[in-house]
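Shown below: my_file-v6.cif, with mmCIF, C-alpha atoms and all ligand atoms.
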data_upload
#
loop_
_atom_site.group_PDB
_atom_site.id
_atom_site.type_symbol
_atom_site.label_atom_id
_atom_site.label_comp_id
_atom_site.auth_asym_id
_atom_site.auth_seq_id
_atom_site.Cartn_x
_atom_site.Cartn_y
_atom_site.Cartn_z
ATOM 1 C CA MET A 16 0.000 0.000 0.000
ATOM 2 C CA ILE A 17 1.247 3.451 -0.864
ATOM 3 C CA ILE A 18 -0.266 6.693 0.399
ATOM 4 C CA THR A 19 1.151 9.990 -0.842
ATOM 5 C CA ILE A 20 0.794 13.450 0.646
ATOM 6 C CA ASP A 21 2.113 16.309 -1.456
ATOM 7 C CA GLY A 22 1.877 19.973 -0.680
ATOM 8 C CA PRO A 23 3.749 23.234 -0.220
ATOM 9 C CA ALA A 24 6.301 24.085 2.473
ATOM 10 C CA GLY A 25 4.852 24.305 5.951
ATOM 11 C CA SER A 26 1.508 22.709 5.127
ATOM 12 C CA GLY A 27 2.009 20.164 7.909
ATOM 13 C CA LYS A 28 2.671 17.173 5.655
ATOM 14 C CA SER A 29 5.329 15.567 7.800
ATOM 15 C CA THR A 30 3.360 15.938 11.040
ATOM 16 C CA ILE A 31 0.253 14.481 9.429
ATOM 17 C CA ALA A 32 2.080 11.731 7.543
ATOM 18 C CA GLN A 33 3.883 10.650 10.684
ATOM 19 C CA ARG A 34 0.682 10.507 12.691
ATOM 20 C CA VAL A 35 -1.060 8.500 9.983
ATOM 21 C CA ALA A 36 1.944 6.146 9.800
ATOM 22 C CA GLN A 37 1.708 5.557 13.548
ATOM 23 C CA GLN A 38 -2.026 4.919 13.452
ATOM 24 C CA LEU A 39 -1.900 2.569 10.474
ATOM 25 C CA TRP A 40 1.363 0.893 11.517
ATOM 26 C CA ILE A 41 3.055 1.680 8.241
ATOM 27 C CA TYR A 42 6.414 3.138 7.208
ATOM 28 C CA TYR A 43 6.913 6.894 6.834
ATOM 29 C CA LEU A 44 9.034 8.214 4.002
ATOM 30 C CA ASN A 45 9.890 11.898 4.285
ATOM 31 C CA THR A 46 11.219 12.631 0.797
ATOM 32 C CA GLY A 47 12.041 16.254 1.656
ATOM 33 C CA MET A 48 14.631 14.935 4.089
ATOM 34 C CA LEU A 49 16.431 13.211 1.225
ATOM 35 C CA TYR A 50 16.628 16.486 -0.728
ATOM 36 C CA ARG A 51 17.760 18.296 2.410
ATOM 37 C CA ALA A 52 20.369 15.594 3.020
ATOM 38 C CA VAL A 53 21.817 15.945 -0.484
ATOM 39 C CA ALA A 54 21.866 19.738 -0.198
ATOM 40 C CA TYR A 55 23.553 19.429 3.169
ATOM 41 C CA LEU A 56 26.193 16.932 2.075
ATOM 42 C CA LEU A 57 27.183 19.112 -0.844
ATOM 43 C CA PHE A 58 28.431 21.669 1.648
ATOM 44 C CA TYR A 59 28.904 20.002 5.014
ATOM 45 C CA ASP A 60 30.346 16.765 6.271
ATOM 46 C CA PRO A 61 28.086 14.640 8.495
ATOM 47 C CA CYS A 62 29.703 16.180 11.609
ATOM 48 C CA GLY A 63 28.587 19.633 10.525
ATOM 49 C CA VAL A 64 31.944 20.911 9.283
ATOM 50 C CA PHE A 65 31.524 23.184 6.287
ATOM 51 C CA HIS A 66 33.661 22.159 3.338
ATOM 52 C CA GLY A 67 31.993 24.221 0.637
ATOM 53 C CA ASN A 68 32.893 21.740 -2.081
ATOM 54 C CA ILE A 69 30.509 22.889 -4.719
ATOM 55 C CA GLU A 70 29.780 26.429 -3.613
ATOM 56 C CA ALA A 71 30.764 27.733 -7.050
ATOM 57 C CA ASP A 72 27.646 26.940 -9.043
ATOM 58 C CA ILE A 73 25.248 24.179 -8.093
ATOM 59 C CA SER A 74 23.508 24.448 -11.436
ATOM 60 C CA GLN A 75 26.546 22.690 -12.927
ATOM 61 C CA LEU A 76 26.257 19.755 -10.538
ATOM 62 C CA THR A 77 27.032 16.445 -12.237
ATOM 63 C CA ARG A 78 26.003 12.862 -11.588
ATOM 64 C CA GLU A 79 29.631 12.047 -10.802
ATOM 65 C CA GLN A 80 29.664 14.648 -8.033
ATOM 66 C CA LEU A 81 26.463 13.209 -6.607
ATOM 67 C CA ASP A 82 27.776 9.656 -6.798
ATOM 68 C CA ALA A 83 30.853 10.806 -4.902
ATOM 69 C CA LEU A 84 28.722 11.973 -1.942
ATOM 70 C CA PRO A 85 28.519 9.626 1.031
ATOM 71 C CA LYS A 86 25.464 7.377 0.784
ATOM 72 C CA VAL A 87 22.479 8.654 2.749
ATOM 73 C CA GLU A 88 20.916 6.023 5.011
ATOM 74 C CA TYR A 89 17.247 6.816 5.627
ATOM 75 C CA SER A 90 15.399 5.139 8.456
ATOM 76 C CA TYR A 91 12.052 5.365 10.164
ATOM 77 C CA SER A 92 11.355 4.107 13.657
ATOM 78 C CA ALA A 93 9.234 4.992 16.679
ATOM 79 C CA ALA A 94 11.643 7.891 17.205
ATOM 80 C CA GLY A 95 10.751 9.298 13.789
ATOM 81 C CA ALA A 96 12.444 9.701 10.420
ATOM 82 C CA ALA A 97 16.219 9.973 10.403
ATOM 83 C CA VAL A 98 19.143 10.236 8.025
ATOM 84 C CA ALA A 99 22.672 9.096 8.633
ATOM 85 C CA VAL A 100 25.956 8.559 6.871
ATOM 86 C CA ARG A 101 27.913 5.457 7.849
ATOM 87 C CA GLY A 102 25.672 5.209 10.908
ATOM 88 C CA GLN A 103 26.279 8.802 11.987
ATOM 89 C CA ASP A 104 22.954 10.584 12.369
ATOM 90 C CA PHE A 105 22.764 14.129 10.988
ATOM 91 C CA THR A 106 18.988 14.631 10.972
ATOM 92 C CA GLN A 107 19.060 17.596 13.350
ATOM 93 C CA GLN A 108 21.445 19.550 11.140
ATOM 94 C CA LEU A 109 18.979 19.470 8.249
ATOM 95 C CA PHE A 110 16.679 21.726 10.234
ATOM 96 C CA ALA A 111 19.117 23.551 12.509
ATOM 97 C CA ILE A 112 21.157 25.273 9.802
ATOM 98 C CA ALA A 113 19.486 28.359 8.335
ATOM 99 C CA GLY A 114 19.179 28.166 4.569
ATOM 100 C CA ILE A 115 19.253 24.365 4.164
ATOM 101 C CA ASP A 116 15.570 24.474 3.191
ATOM 102 C CA GLN A 117 16.216 27.040 0.431
ATOM 103 C CA LEU A 118 19.290 25.151 -0.679
ATOM 104 C CA ALA A 119 17.273 21.930 -0.816
ATOM 105 C CA SER A 120 14.656 23.697 -2.896
ATOM 106 C CA ARG A 121 17.337 24.969 -5.332
ATOM 107 C CA VAL A 122 19.100 21.622 -5.540
ATOM 108 C CA SER A 123 15.796 19.801 -6.031
ATOM 109 C CA ALA A 124 15.066 21.763 -9.204
ATOM 110 C CA LEU A 125 18.039 20.080 -10.942
ATOM 111 C CA PRO A 126 17.091 17.061 -13.092
ATOM 112 C CA VAL A 127 20.338 15.306 -12.134
ATOM 113 C CA VAL A 128 19.395 15.439 -8.452
ATOM 114 C CA ARG A 129 15.844 14.240 -9.041
ATOM 115 C CA ALA A 130 17.100 11.300 -11.087
ATOM 116 C CA TYR A 131 19.648 10.523 -8.382
ATOM 117 C CA LEU A 132 16.947 10.303 -5.693
ATOM 118 C CA LEU A 133 14.141 8.678 -7.669
ATOM 119 C CA ASP A 134 15.222 5.046 -7.303
ATOM 120 C CA ALA A 135 16.220 5.545 -3.687
ATOM 121 C CA GLN A 136 12.666 6.666 -2.882
ATOM 122 C CA ARG A 137 11.076 3.791 -4.797
ATOM 123 C CA ASP A 138 13.421 1.262 -3.205
ATOM 124 C CA LEU A 139 12.449 2.405 0.273
ATOM 125 C CA ALA A 140 8.780 1.865 -0.585
ATOM 126 C CA LYS A 141 9.360 -1.652 -1.947
ATOM 127 C CA LYS A 142 9.987 -3.131 1.447
ATOM 128 C CA HIS A 143 7.039 -1.638 3.325
ATOM 129 C CA ASP A 144 3.522 -0.303 3.189
ATOM 130 C CA VAL A 145 4.327 3.359 3.105
ATOM 131 C CA ILE A 146 3.063 6.889 3.487
ATOM 132 C CA ALA A 147 5.335 9.271 1.583
ATOM 133 C CA ASP A 148 5.258 13.053 1.725
ATOM 134 C CA GLY A 149 6.880 15.606 -0.538
ATOM 135 C CA ARG A 150 6.214 17.602 -3.694
ATOM 136 C CA ASP A 151 6.027 14.969 -6.439
ATOM 137 C CA CYS A 152 5.175 11.763 -4.575
ATOM 138 C CA GLY A 153 1.759 11.341 -6.183
ATOM 139 C CA THR A 154 2.726 12.730 -9.590
ATOM 140 C CA VAL A 155 6.182 11.284 -10.332
ATOM 141 C CA VAL A 156 7.614 9.000 -7.667
ATOM 142 C CA PHE A 157 4.516 6.910 -6.948
ATOM 143 C CA PRO A 158 2.023 7.693 -9.722
ATOM 144 C CA HIS A 159 0.223 4.396 -9.009
ATOM 145 C CA ALA A 160 -0.259 5.049 -5.305
ATOM 146 C CA GLN A 161 -3.651 3.838 -4.092
ATOM 147 C CA TYR A 162 -4.308 6.942 -2.004
ATOM 148 C CA LYS A 163 -3.178 10.450 -2.888
ATOM 149 C CA PHE A 164 -3.598 13.625 -0.888
ATOM 150 C CA TYR A 165 -2.695 17.235 -1.494
ATOM 151 C CA LEU A 166 -2.375 19.179 1.714
ATOM 152 C CA THR A 167 -2.299 22.937 1.665
ATOM 153 C CA ALA A 168 -2.993 26.049 3.754
ATOM 154 C CA SER A 169 -2.664 29.794 3.185
ATOM 155 C CA VAL A 170 0.866 31.284 3.167
ATOM 156 C CA ASP A 171 0.116 33.219 6.361
ATOM 157 C CA VAL A 172 -1.096 30.152 8.204
ATOM 158 C CA ARG A 173 1.886 28.115 7.032
ATOM 159 C CA ALA A 174 4.339 30.852 8.065
ATOM 160 C CA GLN A 175 2.578 31.203 11.411
ATOM 161 C CA ARG A 176 2.849 27.464 12.030
ATOM 162 C CA ARG A 177 6.515 27.514 11.102
ATOM 163 C CA MET A 178 7.023 30.299 13.658
ATOM 164 C CA GLN A 179 5.629 28.044 16.372
ATOM 165 C CA ASP A 180 7.951 25.215 15.419
ATOM 166 C CA ALA A 181 10.813 24.819 17.878
ATOM 167 C CA LYS A 182 13.262 24.328 15.016
ATOM 168 C CA THR A 183 12.301 27.666 13.452
ATOM 169 C CA LEU A 184 12.315 29.383 16.838
ATOM 170 C CA ALA A 185 15.866 28.186 17.370
ATOM 171 C CA LEU A 186 16.912 29.961 14.169
ATOM 172 C CA GLY A 187 15.637 33.271 15.584
ATOM 173 C CA LEU A 188 13.824 34.330 12.403
ATOM 174 C CA THR A 189 11.091 36.979 12.285
ATOM 175 C CA PHE A 190 7.593 36.269 10.947
ATOM 176 C CA ASP A 191 8.353 38.322 7.814
ATOM 177 C CA GLN A 192 11.505 36.322 7.132
ATOM 178 C CA VAL A 193 9.689 33.030 7.578
ATOM 179 C CA ARG A 194 6.785 34.172 5.393
ATOM 180 C CA ALA A 195 9.176 35.329 2.658
ATOM 181 C CA ASP A 196 11.013 32.023 2.880
ATOM 182 C CA VAL A 197 7.795 30.011 2.541
ATOM 183 C CA ALA A 198 6.615 32.154 -0.395
ATOM 184 C CA ALA A 199 9.996 31.856 -2.166
ATOM 185 C CA ARG A 200 9.949 28.078 -1.828
ATOM 186 C CA ASP A 201 6.350 27.913 -3.117
ATOM 187 C CA GLU A 202 7.409 29.902 -6.142
ATOM 188 C CA ARG A 203 10.465 27.754 -6.876
ATOM 189 C CA ASP A 204 8.843 24.392 -6.129
ATOM 190 C CA GLU A 205 5.767 25.185 -8.252
ATOM 191 C CA LYS A 206 7.503 26.826 -11.201
ATOM 192 C CA ARG A 207 10.426 24.480 -11.781
ATOM 193 C CA GLU A 208 10.390 22.562 -15.034
ATOM 194 C CA ILE A 209 10.922 19.104 -13.621
ATOM 195 C CA ALA A 210 8.424 17.484 -11.238
ATOM 196 C CA PRO A 211 6.868 20.763 -10.075
ATOM 197 C CA LEU A 212 4.536 20.816 -7.102
ATOM 198 C CA ARG A 213 1.099 20.000 -8.540
ATOM 199 C CA ILE A 214 -2.147 18.506 -7.330
ATOM 200 C CA PRO A 215 -1.869 14.864 -8.488
ATOM 201 C CA THR A 216 -4.736 13.591 -10.616
ATOM 202 C CA GLY A 217 -7.265 11.929 -8.350
ATOM 203 C CA ALA A 218 -5.812 13.390 -5.161
ATOM 204 C CA VAL A 219 -8.033 14.375 -2.253
ATOM 205 C CA VAL A 220 -7.298 18.059 -1.590
ATOM 206 C CA ILE A 221 -7.287 19.157 2.029
ATOM 207 C CA ASP A 222 -7.040 22.845 2.862
ATOM 208 C CA ALA A 223 -5.888 22.747 6.453
ATOM 209 C CA SER A 224 -5.961 26.519 7.038
ATOM 210 C CA ASP A 225 -8.789 26.153 9.544
ATOM 211 C CA MET A 226 -8.240 22.573 10.640
ATOM 212 C CA THR A 227 -6.407 21.085 13.592
ATOM 213 C CA ILE A 228 -3.811 18.338 13.157
ATOM 214 C CA ASP A 229 -6.276 15.822 14.607
ATOM 215 C CA GLN A 230 -8.937 16.817 12.097
ATOM 216 C CA VAL A 231 -6.575 16.408 9.150
ATOM 217 C CA VAL A 232 -5.324 13.034 10.394
ATOM 218 C CA GLU A 233 -8.918 11.906 10.857
ATOM 219 C CA ARG A 234 -9.812 13.013 7.343
ATOM 220 C CA VAL A 235 -6.880 11.116 5.797
ATOM 221 C CA ILE A 236 -7.657 7.928 7.723
ATOM 222 C CA GLU A 237 -11.343 8.216 6.869
ATOM 223 C CA VAL A 238 -10.537 8.392 3.136
ATOM 224 C CA VAL A 239 -8.137 5.444 3.357
ATOM 225 C CA GLU A 240 -10.582 3.323 5.303
ATOM 226 C CA ARG A 241 -13.531 4.216 3.076
ATOM 227 C CA LYS A 242 -11.658 3.105 -0.050
HETATM 228 O O1 LIG B 301 9.506 18.980 2.597
HETATM 229 P P1 LIG B 301 10.709 19.865 2.848
HETATM 230 O O2 LIG B 301 10.288 21.268 3.159
HETATM 231 O O3 LIG B 301 11.634 19.301 3.876
HETATM 232 O O4 LIG B 301 11.499 19.863 1.451
HETATM 233 C C1 LIG B 301 12.651 20.650 1.236
HETATM 234 C C2 LIG B 301 12.763 20.950 -0.263
HETATM 235 O O5 LIG B 301 13.003 19.746 -0.989
HETATM 236 C C3 LIG B 301 11.528 21.568 -0.908
HETATM 237 O O6 LIG B 301 11.520 22.979 -0.852
HETATM 238 C C4 LIG B 301 11.548 21.055 -2.312
HETATM 239 C C5 LIG B 301 12.339 19.775 -2.242
HETATM 240 N N1 LIG B 301 11.503 18.584 -2.397
HETATM 241 C C6 LIG B 301 11.195 18.191 -3.674
HETATM 242 O O7 LIG B 301 11.565 18.862 -4.625
HETATM 243 N N2 LIG B 301 10.490 17.052 -3.882
HETATM 244 C C7 LIG B 301 10.049 16.311 -2.866
HETATM 245 N N3 LIG B 301 9.357 15.188 -3.118
HETATM 246 C C8 LIG B 301 10.333 16.718 -1.541
HETATM 247 C C9 LIG B 301 11.052 17.872 -1.325
#

Step by step, read the file and then write its structure as structure tokens.
Amino acid sequence: MIITIDGPAGSGKSTIAQRVAQQLWIYYLNTGMLYRAVAYLLFYDPCGVFHGNIEADISQLTREQLDALPKVEYSYSAAGAAVAVRGQDFTQQLFAIAGIDQLASRVSALPVVRAYLLDAQRDLAKKHDVIADGRDCGTVVFPHAQYKFYLTASVDVRAQRRMQDAKTLALGLTFDQVRADVAARDERDEKREIAPLRIPTGAVVIDASDMTIDQVVERVIEVVERK
């Protein structure tokens, strides 16, 4: 079984997907973490030391450069989704370093990066029943998923929610900065040529602007159980 949840930055996908995974006892695949991990490893080693390898021009990134990166090990357990390199966890860094989200968004617009991560995402779903969240899970990665959702909310609500997130708080950003960041990522993720953020055909659209997390989780489970 594959369930996909796509949607813009800050729409609550990972919170919802994780809750649904727990309730249905299935595996959670956070595809955004894979893009963040690649963006991170282009510039930092897993210990957090900046090496700035490819700072020149990421638009010239090649498959050889990607293949030379340490292999990202993705895992999901009761403790949540995690990424590691050679067993060394670096999940926290993906959210604790300002700008990794924008970098991930820029890197993810490159066809070479999307091709690099496509099989990895599909392989992870082969071994489990899975709920995957991201931007192109229902359109490109798992077009045959049995259940597809598109989760959204207004930019203001999404920025507000980000502000309440401990990880954002730790970065010390203002509401205007967070809102601008969310809007810039929307723009880039929706307008890129390859695998842009779109409502997948047949997806159930949920506008969570005025909904609680519990209500959204309930709605997703209701749709899955009804089908
Ligand atoms: O879900 P997130 O905010 O952690 O994702 C970070 C960036 O990764 C996002 O701005 C765009 C990119 N991404 C993508 O292009 N495709 C996905 N399936 C998931 C994320």

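Rounded to one decimal, atom CA of A:Gln230 and atom CA of A:Gly153 lie 21.9 Å from each other.
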
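Distances from A:Asp60, A:Asp180, A:Glu237, A:Asp151 to A:Leu212 were compared using only C-alpha atoms, and the smallest one belongs to A:Asp151.
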
Discussion item. Translate the PyMOL selection byres (((chain A and resi 35-38) around 12) and not hetatm) into a concrete residue list for this structure, as an NGL selection string.
Written reply: :A and (16-20 or 28-34 or 39-45 or 91-96 or 143-148 or 228-240)

Practice prompt. Determine, counting all atoms listed in the file, which protein, DNA and RNA residues have an atom within 6 Å of an atom of stretch 114-126 of chain A; residues of the same chain fewer than 4 positions away are not included. Present the result as a ChimeraX atom specification.
Written response: /A:50-51,54,207

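Distances to ligand LIG 301 (chain B) were evaluated for A:Arg78, A:Arg177, A:Arg200, A:Lys141 using all atoms listed in the file, and the minimum falls at A:Arg200.
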
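Remark: for A:Tyr131, the closest of the candidate residues A:Ala99, A:Leu109, A:Leu76, A:Val170 is A:Leu76 (distances computed over only C-alpha atoms).
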
Item to complete: Go through A:Ala223, A:Leu133, A:Ile112, A:Leu186 and flag the residue nearest ligand LIG 301 (chain B), using only C-alpha atoms and all ligand atoms for the distances.
Response: A:Leu133

For ligand LIG 301 (chain B), what centre and edge lengths in Å (one decimal) does the axis-aligned box get once 8 Å is added on each side of all its listed atoms, as AutoDock Vina command-line options?
--center_x 11.2 --center_y 19.1 --center_z -0.4 --size_x 19.6 --size_y 23.8 --size_z 24.5

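The residue that comes closest to ligand LIG 301 (chain B), out of A:Gly22, A:Pro61, A:Gly102, A:Gly149 and on the basis of only C-alpha atoms and all ligand atoms, is A:Gly149.
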
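Interatomic distance, atom CA of A:Ala52 against atom CA of A:Met178: 22.5 Å.
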